[in-house]
file entry-v8.cif (mmCIF, C-alpha atoms)
data_work
#
loop_
_atom_site.label_atom_id
_atom_site.label_comp_id
_atom_site.auth_asym_id
_atom_site.auth_seq_id
_atom_site.Cartn_x
_atom_site.Cartn_y
_atom_site.Cartn_z
CA MET A 1 47.40 -11.90 39.58
CA MET A 2 43.68 -11.53 39.09
CA PRO A 3 41.83 -10.89 42.35
CA GLN A 4 39.99 -13.93 43.62
CA THR A 5 36.23 -13.68 43.76
CA THR A 6 33.93 -15.56 46.08
CA PRO A 7 31.65 -17.89 44.10
CA PRO A 8 27.92 -17.42 44.71
CA PRO A 9 26.35 -19.86 47.18
CA VAL A 10 24.87 -22.98 45.61
CA GLY A 11 21.39 -24.12 46.56
CA LEU A 12 18.92 -22.35 48.83
CA CYS A 13 20.69 -19.97 51.19
CA VAL A 14 18.88 -18.01 53.92
CA GLN A 15 21.02 -15.24 55.37
CA ASP A 16 20.18 -13.28 58.53
CA LEU A 17 16.43 -13.52 57.88
CA THR A 18 14.33 -11.34 60.18
CA VAL A 19 10.56 -10.88 60.02
CA ARG A 20 8.64 -8.42 62.20
CA TYR A 21 4.94 -8.08 62.87
CA GLY A 22 4.77 -4.54 64.16
CA THR A 23 7.47 -4.26 66.82
CA ALA A 24 7.61 -8.02 67.48
CA ALA A 25 10.38 -9.98 65.76
CA VAL A 26 8.90 -13.35 64.80
CA LEU A 27 12.16 -14.45 63.13
CA GLN A 28 15.44 -13.15 64.44
CA GLY A 29 18.50 -13.43 62.21
CA VAL A 30 17.86 -16.95 60.90
CA SER A 31 20.58 -18.36 58.61
CA PHE A 32 20.95 -21.79 57.00
CA SER A 33 21.63 -23.32 53.60
CA VAL A 34 20.24 -26.31 51.73
CA PRO A 35 21.90 -27.84 48.66
CA VAL A 36 19.34 -28.27 45.89
CA SER A 37 20.12 -31.93 45.43
CA GLY A 38 17.16 -33.91 46.65
CA GLN A 39 17.42 -33.27 50.38
CA LEU A 40 14.51 -33.24 52.80
CA ILE A 41 14.87 -30.87 55.75
CA GLY A 42 12.45 -31.28 58.66
CA LEU A 43 11.46 -28.14 60.59
CA LEU A 44 10.31 -28.69 64.17
CA GLY A 45 9.09 -26.32 66.87
CA VAL A 46 6.14 -25.42 69.05
CA ASN A 47 3.25 -23.39 67.67
CA GLY A 48 4.29 -19.76 67.29
CA SER A 49 8.01 -20.51 67.10
CA GLY A 50 8.37 -19.02 63.59
CA LYS A 51 8.25 -22.11 61.36
CA THR A 52 5.42 -20.96 59.07
CA THR A 53 6.83 -17.45 58.96
CA LEU A 54 10.17 -18.86 57.82
CA LEU A 55 8.57 -20.78 54.94
CA LYS A 56 6.43 -17.84 53.83
CA ALA A 57 9.38 -15.46 53.87
CA ALA A 58 11.51 -17.93 51.91
CA ALA A 59 8.67 -18.20 49.37
CA GLY A 60 8.58 -14.42 48.94
CA LEU A 61 5.18 -14.09 50.64
CA LEU A 62 6.25 -11.88 53.56
CA PRO A 63 8.34 -8.71 53.82
CA HIS A 64 11.62 -9.34 55.60
CA THR A 65 15.16 -8.18 56.09
CA GLY A 66 18.10 -10.39 55.25
CA GLN A 67 18.20 -12.46 52.10
CA CYS A 68 16.83 -15.64 50.58
CA LEU A 69 19.02 -16.73 47.67
CA LEU A 70 18.90 -19.58 45.21
CA ASP A 71 22.28 -20.22 43.61
CA GLY A 72 23.21 -16.67 44.61
CA VAL A 73 20.14 -15.00 43.08
CA PRO A 74 17.84 -13.11 45.52
CA LEU A 75 14.35 -14.64 45.34
CA GLU A 76 12.74 -11.22 45.71
CA SER A 77 14.28 -10.22 42.38
CA LEU A 78 12.33 -12.90 40.52
CA SER A 79 9.01 -12.43 38.74
CA THR A 80 5.92 -14.14 40.17
CA ARG A 81 6.09 -16.79 37.44
CA ARG A 82 9.81 -17.42 37.85
CA LEU A 83 9.48 -17.56 41.63
CA ALA A 84 6.75 -20.22 41.27
CA GLN A 85 9.16 -22.21 39.09
CA THR A 86 11.89 -21.86 41.71
CA VAL A 87 10.27 -22.17 45.14
CA SER A 88 6.77 -23.53 45.72
CA TYR A 89 4.92 -23.08 49.02
CA ILE A 90 2.18 -25.52 50.04
CA PRO A 91 0.10 -24.27 53.02
CA GLN A 92 -1.54 -26.34 55.74
CA GLN A 93 -4.90 -26.14 53.99
CA SER A 94 -4.76 -27.22 50.35
CA GLY A 95 -6.38 -23.93 49.29
CA ILE A 96 -7.73 -25.38 46.06
CA SER A 97 -10.81 -23.87 44.44
CA VAL A 98 -13.99 -25.94 44.60
CA SER A 99 -15.08 -24.51 41.24
CA LEU A 100 -12.13 -25.97 39.30
CA SER A 101 -11.38 -29.54 38.29
CA ALA A 102 -8.22 -31.22 39.53
CA ARG A 103 -6.48 -30.55 36.20
CA GLU A 104 -7.56 -26.89 36.25
CA VAL A 105 -6.24 -26.51 39.81
CA VAL A 106 -2.86 -27.83 38.71
CA LEU A 107 -2.83 -25.58 35.64
CA MET A 108 -3.42 -22.58 37.93
CA GLY A 109 0.15 -23.01 39.14
CA PHE A 110 1.38 -21.63 35.82
CA ASN A 111 -0.23 -18.26 36.56
CA PRO A 112 -1.32 -18.07 40.21
CA ARG A 113 -2.55 -14.48 39.91
CA LEU A 114 -5.38 -15.42 37.54
CA GLY A 115 -8.73 -16.80 38.62
CA VAL A 116 -8.85 -19.05 35.55
CA LEU A 117 -6.00 -19.97 33.23
CA GLN A 118 -7.22 -19.28 29.71
CA SER A 119 -6.03 -21.43 26.79
CA PRO A 120 -3.28 -23.49 28.45
CA THR A 121 -0.68 -24.77 26.04
CA ALA A 122 -0.33 -28.45 25.20
CA ALA A 123 2.92 -28.49 27.19
CA MET A 124 1.14 -27.09 30.26
CA ARG A 125 -1.63 -29.68 30.00
CA ALA A 126 0.93 -32.46 29.61
CA ALA A 127 2.83 -31.21 32.68
CA ALA A 128 -0.41 -31.03 34.69
CA ASP A 129 -1.41 -34.57 33.74
CA GLU A 130 2.06 -35.90 34.52
CA ALA A 131 1.98 -34.21 37.94
CA LEU A 132 -1.41 -35.78 38.70
CA ARG A 133 -0.02 -39.15 37.64
CA THR A 134 2.94 -38.67 39.99
CA VAL A 135 0.66 -38.11 42.98
CA GLY A 136 -1.53 -41.07 42.01
CA LEU A 137 -4.53 -39.09 40.79
CA ALA A 138 -4.37 -39.52 37.01
CA ASP A 139 -7.92 -40.85 37.06
CA LYS A 140 -9.18 -37.77 38.94
CA ALA A 141 -8.09 -35.11 36.42
CA ASN A 142 -11.68 -34.10 35.67
CA ALA A 143 -12.99 -34.52 39.21
CA TYR A 144 -13.97 -31.59 41.42
CA PRO A 145 -12.65 -31.17 44.98
CA LYS A 146 -16.04 -31.66 46.67
CA SER A 147 -16.00 -35.26 45.40
CA LEU A 148 -12.48 -35.92 46.76
CA SER A 149 -11.12 -36.71 50.20
CA GLY A 150 -8.96 -34.29 52.17
CA GLY A 151 -5.91 -36.41 51.40
CA GLN A 152 -6.66 -36.33 47.68
CA GLN A 153 -7.13 -32.55 47.79
CA GLN A 154 -3.74 -32.15 49.46
CA ARG A 155 -2.18 -34.37 46.81
CA ILE A 156 -3.68 -32.11 44.13
CA ALA A 157 -2.00 -29.15 45.85
CA ILE A 158 1.28 -31.07 45.69
CA ALA A 159 0.67 -31.82 42.00
CA ARG A 160 0.17 -28.10 41.35
CA ALA A 161 3.63 -27.49 42.79
CA LEU A 162 5.22 -30.41 40.92
CA ALA A 163 3.88 -29.24 37.55
CA MET A 164 6.06 -26.12 37.84
CA ASP A 165 9.17 -28.31 38.31
CA PRO A 166 10.46 -26.11 41.17
CA ASP A 167 13.90 -26.40 42.71
CA VAL A 168 12.49 -26.37 46.25
CA ILE A 169 9.07 -27.21 47.71
CA LEU A 170 8.14 -25.77 51.11
CA PHE A 171 5.51 -27.80 53.00
CA ASP A 172 3.74 -26.19 55.97
CA GLU A 173 2.40 -29.07 58.09
CA PRO A 174 0.91 -30.86 55.07
CA THR A 175 -1.05 -33.34 57.18
CA SER A 176 -2.30 -31.10 60.01
CA ALA A 177 -5.76 -30.52 58.45
CA LEU A 178 -6.32 -34.17 57.52
CA ASP A 179 -8.29 -36.87 59.28
CA PRO A 180 -5.92 -39.42 60.86
CA GLU A 181 -6.69 -42.12 58.29
CA MET A 182 -5.64 -39.75 55.47
CA VAL A 183 -2.31 -38.70 56.98
CA GLY A 184 -0.52 -41.84 55.87
CA GLU A 185 -1.27 -41.44 52.16
CA VAL A 186 0.21 -37.92 52.05
CA LEU A 187 3.29 -38.86 54.09
CA GLU A 188 3.86 -41.89 51.86
CA LEU A 189 3.76 -39.66 48.77
CA MET A 190 6.30 -37.29 50.34
CA LYS A 191 8.57 -40.24 51.13
CA GLU A 192 8.42 -41.19 47.45
CA LEU A 193 9.17 -37.60 46.37
CA ALA A 194 12.19 -37.55 48.68
CA HIS A 195 13.81 -40.16 46.41
CA THR A 196 13.18 -38.27 43.15
CA GLY A 197 15.72 -35.47 43.57
CA ILE A 198 13.28 -32.78 44.78
CA THR A 199 14.51 -30.66 47.68
CA MET A 200 11.87 -30.17 50.38
CA LEU A 201 11.59 -28.18 53.59
CA VAL A 202 8.81 -29.66 55.70
CA VAL A 203 7.24 -28.22 58.83
CA THR A 204 5.83 -31.25 60.61
CA HIS A 205 4.68 -32.61 63.94
CA GLU A 206 5.02 -36.17 62.63
CA MET A 207 8.14 -37.17 64.55
CA GLY A 208 8.43 -40.59 62.92
CA PHE A 209 8.40 -39.01 59.47
CA ALA A 210 11.01 -36.41 60.48
CA ARG A 211 13.26 -39.08 61.97
CA GLU A 212 12.98 -41.59 59.12
CA VAL A 213 12.96 -39.42 56.01
CA SER A 214 14.84 -36.18 56.80
CA ASN A 215 18.46 -35.62 55.87
CA ARG A 216 18.58 -32.86 58.48
CA VAL A 217 16.24 -31.60 61.17
CA ILE A 218 16.10 -27.95 62.23
CA PHE A 219 14.56 -27.00 65.58
CA ILE A 220 13.24 -23.44 65.76
CA ASP A 221 12.33 -21.76 69.04
CA GLU A 222 11.37 -18.13 69.68
CA GLY A 223 12.30 -17.16 66.13
CA ARG A 224 15.81 -18.61 66.18
CA ILE A 225 17.39 -21.85 65.01
CA GLN A 226 18.45 -23.66 68.17
CA GLU A 227 19.62 -26.95 66.65
CA ASP A 228 20.38 -28.14 63.12
CA GLU A 229 21.51 -31.76 63.03
CA PRO A 230 21.07 -35.08 61.24
CA PRO A 231 17.92 -36.74 62.62
CA GLN A 232 19.81 -39.51 64.42
CA GLU A 233 21.80 -36.93 66.41
CA LEU A 234 18.94 -34.53 67.06
CA PHE A 235 16.50 -37.16 68.30
CA SER A 236 18.96 -39.29 70.28
CA ASN A 237 21.08 -36.49 71.74
CA PRO A 238 19.12 -33.21 71.95
CA LYS A 239 21.22 -30.45 73.45
CA HIS A 240 18.96 -27.43 73.81
CA PRO A 241 16.64 -27.56 76.88
CA ARG A 242 13.65 -26.40 74.83
CA LEU A 243 14.25 -29.18 72.29
CA LYS A 244 14.45 -31.75 75.08
CA ALA A 245 11.14 -30.51 76.46
CA PHE A 246 9.57 -30.48 72.99
CA LEU A 247 10.62 -34.05 72.21
CA SER A 248 9.47 -35.29 75.62
CA ARG A 249 5.96 -34.10 74.75
CA MET A 250 5.96 -35.31 71.13
CA LEU A 251 7.56 -38.76 71.45
#
call {"tool": "encode", "arguments": {"input": "entry-v8.cif", "output": "structure tokens"}}
result
Amino acid sequence: MMPQTTPPPVGLCVQDLTVRYGTAAVLQGVSFSVPVSGQLIGLLGVNGSGKTTLLKAAAGLLPHTGQCLLDGVPLESLSTRRLAQTVSYIPQQSGISVSLSAREVVLMGFNPRLGVLQSPTAAMRAAADEALRTVGLADKANAYPKSLSGGQQQRIAIARALAMDPDVILFDEPTSALDPEMVGEVLELMKELAHTGITMLVVTHEMGFAREVSNRVIFIDEGRIQEDEPPQELFSNPKHPRLKAFLSRML
């Protein structure tokens, strides 16, 4: 008989992920998996609990021990371009250049190391315009960020990720830098994306959004995953004392 082999994990798989800043372990042996099949995973925790560090490490932006795999392939083995096509990280601040038009910002996703993308192909331009249409900004392709609202700038950042057609998008508190009246438009867009087959991991303090839209909610505290449950279970029956205290302050 041929020896049986273990098939590679399917989807995004984080295995024993540890990140240190000096001697301090910000993440301590974090492990979880997400099928790349249109799921939205909410990440909750107090400031400093390791949420942002987890997203940055999963996006290949921080040195770490352990592994981040997509369909069994280590993300750190991918080129910068291929990684951008696989996992896209969207920070709290949109980080878009004020000297580029909305279309040029989106095109930058195809080569994030360059200050300006020279001679984009017709396919790249078509992908950029389609991404802007998806986020409701088709009419702003030639506009510059200084003429746009904070919510529109964040939607351009989302369009930049969408144009690469990634398997997973990692959102780090996408509404935290927005004025209250602009929060709704970004959350509504993310709700729409959740029904398009894109897998998303979202750090958020918007409890209603996490409860209503997430397939699962992960609570991180002191660099460890303390609970990982469907939202109905996590919000109605929190088990960890730190989660109970967190929800009592947030709800």
call {"tool": "closest_atom_pairs", "arguments": {"input": "entry-v8.cif", "of": "region 14-49 of chain A", "to": "region 207-213 of chain A", "cutoff": "9 Å", "atoms": "only C-alpha atoms", "output": "CSV"}}
result
residue,atom,partner,partner_atom,distance
A:Leu40,CA,A:Val213,CA,7.1
A:Ile41,CA,A:Ala210,CA,8.2
A:Gly42,CA,A:Ala210,CA,5.6
A:Leu43,CA,A:Ala210,CA,8.3
A:Leu44,CA,A:Ala210,CA,8.6
call {"tool": "closest_residue", "arguments": {"input": "entry-v8.cif", "among": "A:Asp221, A:Asp179, A:Asp165, A:Glu227", "to": "Gly109 (chain A)", "atoms": "only C-alpha atoms"}}
result
A:Asp165
call {"tool": "resolve_selection", "arguments": {"input": "entry-v8.cif", "expression": "the PyMOL selection byres ((chain A and resi 181-196) around 8)", "output": "list of chain:residue names"}}
result
A:Gly38, A:Gln39, A:Leu40, A:Val135, A:Gly150, A:Gly151, A:Gln154, A:Arg155, A:Pro174, A:Thr175, A:Leu178, A:Asp179, A:Pro180, A:Gly197, A:Ile198, A:Thr199, A:Met200, A:Phe209, A:Val213
call {"tool": "atom_distance", "arguments": {"input": "entry-v8.cif", "atom1": "CA of Ser176 (chain A)", "atom2": "CA of Ala161 (chain A)"}}
result
18.6 Å
call {"tool": "closest_residue", "arguments": {"input": "entry-v8.cif", "among": "A:Ile156, A:Ala141, A:Val34, A:Ala177", "to": "Gln93 (chain A)", "atoms": "all atoms listed in the file"}}
result
A:Ala177
call {"tool": "closest_residue", "arguments": {"input": "entry-v8.cif", "among": "A:Glu206, A:Glu104, A:Asp228, A:Asp139", "to": "Ala157 (chain A)", "atoms": "all atoms listed in the file"}}
result
A:Glu104
call {"tool": "closest_residue", "arguments": {"input": "entry-v8.cif", "among": "A:Lys146, A:Arg216, A:His205, A:Arg20", "to": "Gln232 (chain A)", "atoms": "only C-alpha atoms"}}
result
A:Arg216
call {"tool": "atom_distance", "arguments": {"input": "entry-v8.cif", "atom1": "CA of Thr23 (chain A)", "atom2": "CA of Pro74 (chain A)"}}
result
25.3 Å
call {"tool": "resolve_selection", "arguments": {"input": "entry-v8.cif", "expression": "the PyMOL selection byres ((chain A and resi 87) around 7)", "output": "list in words"}}
result
Ala59, Leu83, Ala84, Gln85, Thr86, Ser88, Tyr89, Pro166, Asp167, Val168 and Ile169 of chain A
call {"tool": "residues_around", "arguments": {"input": "entry-v8.cif", "residues": "Ser31 (chain A)", "least_positions_apart": "2", "cutoff": "12 Å", "atoms": "all atoms listed in the file", "output": "NGL selection string"}}
result
:A and (12-18 or 27-29 or 33-34 or 54 or 58 or 65-69 or 218 or 220 or 223-228)
call {"tool": "write_last_selection", "arguments": {"input": "entry-v8.cif", "atoms": "C-alpha atoms", "output": "PDB file, in the frame of the given file"}}
result
ATOM      1  CA  LEU A  12      18.920 -22.350  48.830  1.00  0.00           C
ATOM      2  CA  CYS A  13      20.690 -19.970  51.190  1.00  0.00           C
ATOM      3  CA  VAL A  14      18.880 -18.010  53.920  1.00  0.00           C
ATOM      4  CA  GLN A  15      21.020 -15.240  55.370  1.00  0.00           C
ATOM      5  CA  ASP A  16      20.180 -13.280  58.530  1.00  0.00           C
ATOM      6  CA  LEU A  17      16.430 -13.520  57.880  1.00  0.00           C
ATOM      7  CA  THR A  18      14.330 -11.340  60.180  1.00  0.00           C
ATOM      8  CA  LEU A  27      12.160 -14.450  63.130  1.00  0.00           C
ATOM      9  CA  GLN A  28      15.440 -13.150  64.440  1.00  0.00           C
ATOM     10  CA  GLY A  29      18.500 -13.430  62.210  1.00  0.00           C
ATOM     11  CA  SER A  33      21.630 -23.320  53.600  1.00  0.00           C
ATOM     12  CA  VAL A  34      20.240 -26.310  51.730  1.00  0.00           C
ATOM     13  CA  LEU A  54      10.170 -18.860  57.820  1.00  0.00           C
ATOM     14  CA  ALA A  58      11.510 -17.930  51.910  1.00  0.00           C
ATOM     15  CA  THR A  65      15.160  -8.180  56.090  1.00  0.00           C
ATOM     16  CA  GLY A  66      18.100 -10.390  55.250  1.00  0.00           C
ATOM     17  CA  GLN A  67      18.200 -12.460  52.100  1.00  0.00           C
ATOM     18  CA  CYS A  68      16.830 -15.640  50.580  1.00  0.00           C
ATOM     19  CA  LEU A  69      19.020 -16.730  47.670  1.00  0.00           C
ATOM     20  CA  ILE A 218      16.100 -27.950  62.230  1.00  0.00           C
ATOM     21  CA  ILE A 220      13.240 -23.440  65.760  1.00  0.00           C
ATOM     22  CA  GLY A 223      12.300 -17.160  66.130  1.00  0.00           C
ATOM     23  CA  ARG A 224      15.810 -18.610  66.180  1.00  0.00           C
ATOM     24  CA  ILE A 225      17.390 -21.850  65.010  1.00  0.00           C
ATOM     25  CA  GLN A 226      18.450 -23.660  68.170  1.00  0.00           C
ATOM     26  CA  GLU A 227      19.620 -26.950  66.650  1.00  0.00           C
ATOM     27  CA  ASP A 228      20.380 -28.140  63.120  1.00  0.00           C
TER      28      ASP A 228
END
call {"tool": "atom_distance", "arguments": {"input": "entry-v8.cif", "atom1": "CA of Asn142 (chain A)", "atom2": "CA of Arg103 (chain A)"}}
result
6.3 Å
call {"tool": "closest_residue", "arguments": {"input": "entry-v8.cif", "among": "A:Ser101, A:Ser119, A:Asn111, A:Ser149", "to": "Ala163 (chain A)", "atoms": "all atoms listed in the file"}}
result
A:Asn111
call {"tool": "closest_residue", "arguments": {"input": "entry-v8.cif", "among": "A:Ile96, A:Arg160, A:Thr52, A:Leu61", "to": "Thr80 (chain A)", "atoms": "all atoms listed in the file"}}
result
A:Leu61
call {"tool": "axis_aligned_box", "arguments": {"input": "entry-v8.cif", "around": "region 164-169 of chain A", "padding_each_side": "4 Å", "output": "AutoDock Vina command-line options"}}
result
--center_x 10.0 --center_y -27.2 --center_z 42.8 --size_x 15.8 --size_y 10.2 --size_z 17.9
call {"tool": "residues_around", "arguments": {"input": "entry-v8.cif", "residues": "Pro230 (chain A)", "least_positions_apart": "6", "cutoff": "8 Å", "atoms": "all atoms listed in the file", "output": "ChimeraX atom specification"}}
result
/A:214-217
call {"tool": "resolve_selection", "arguments": {"input": "entry-v8.cif", "expression": "the PyMOL selection byres ((chain A and resi 126) around 12)", "output": "PyMOL selection string"}}
result
chain A and resi 103+106-107+120-125+127-133+138+141+163-164
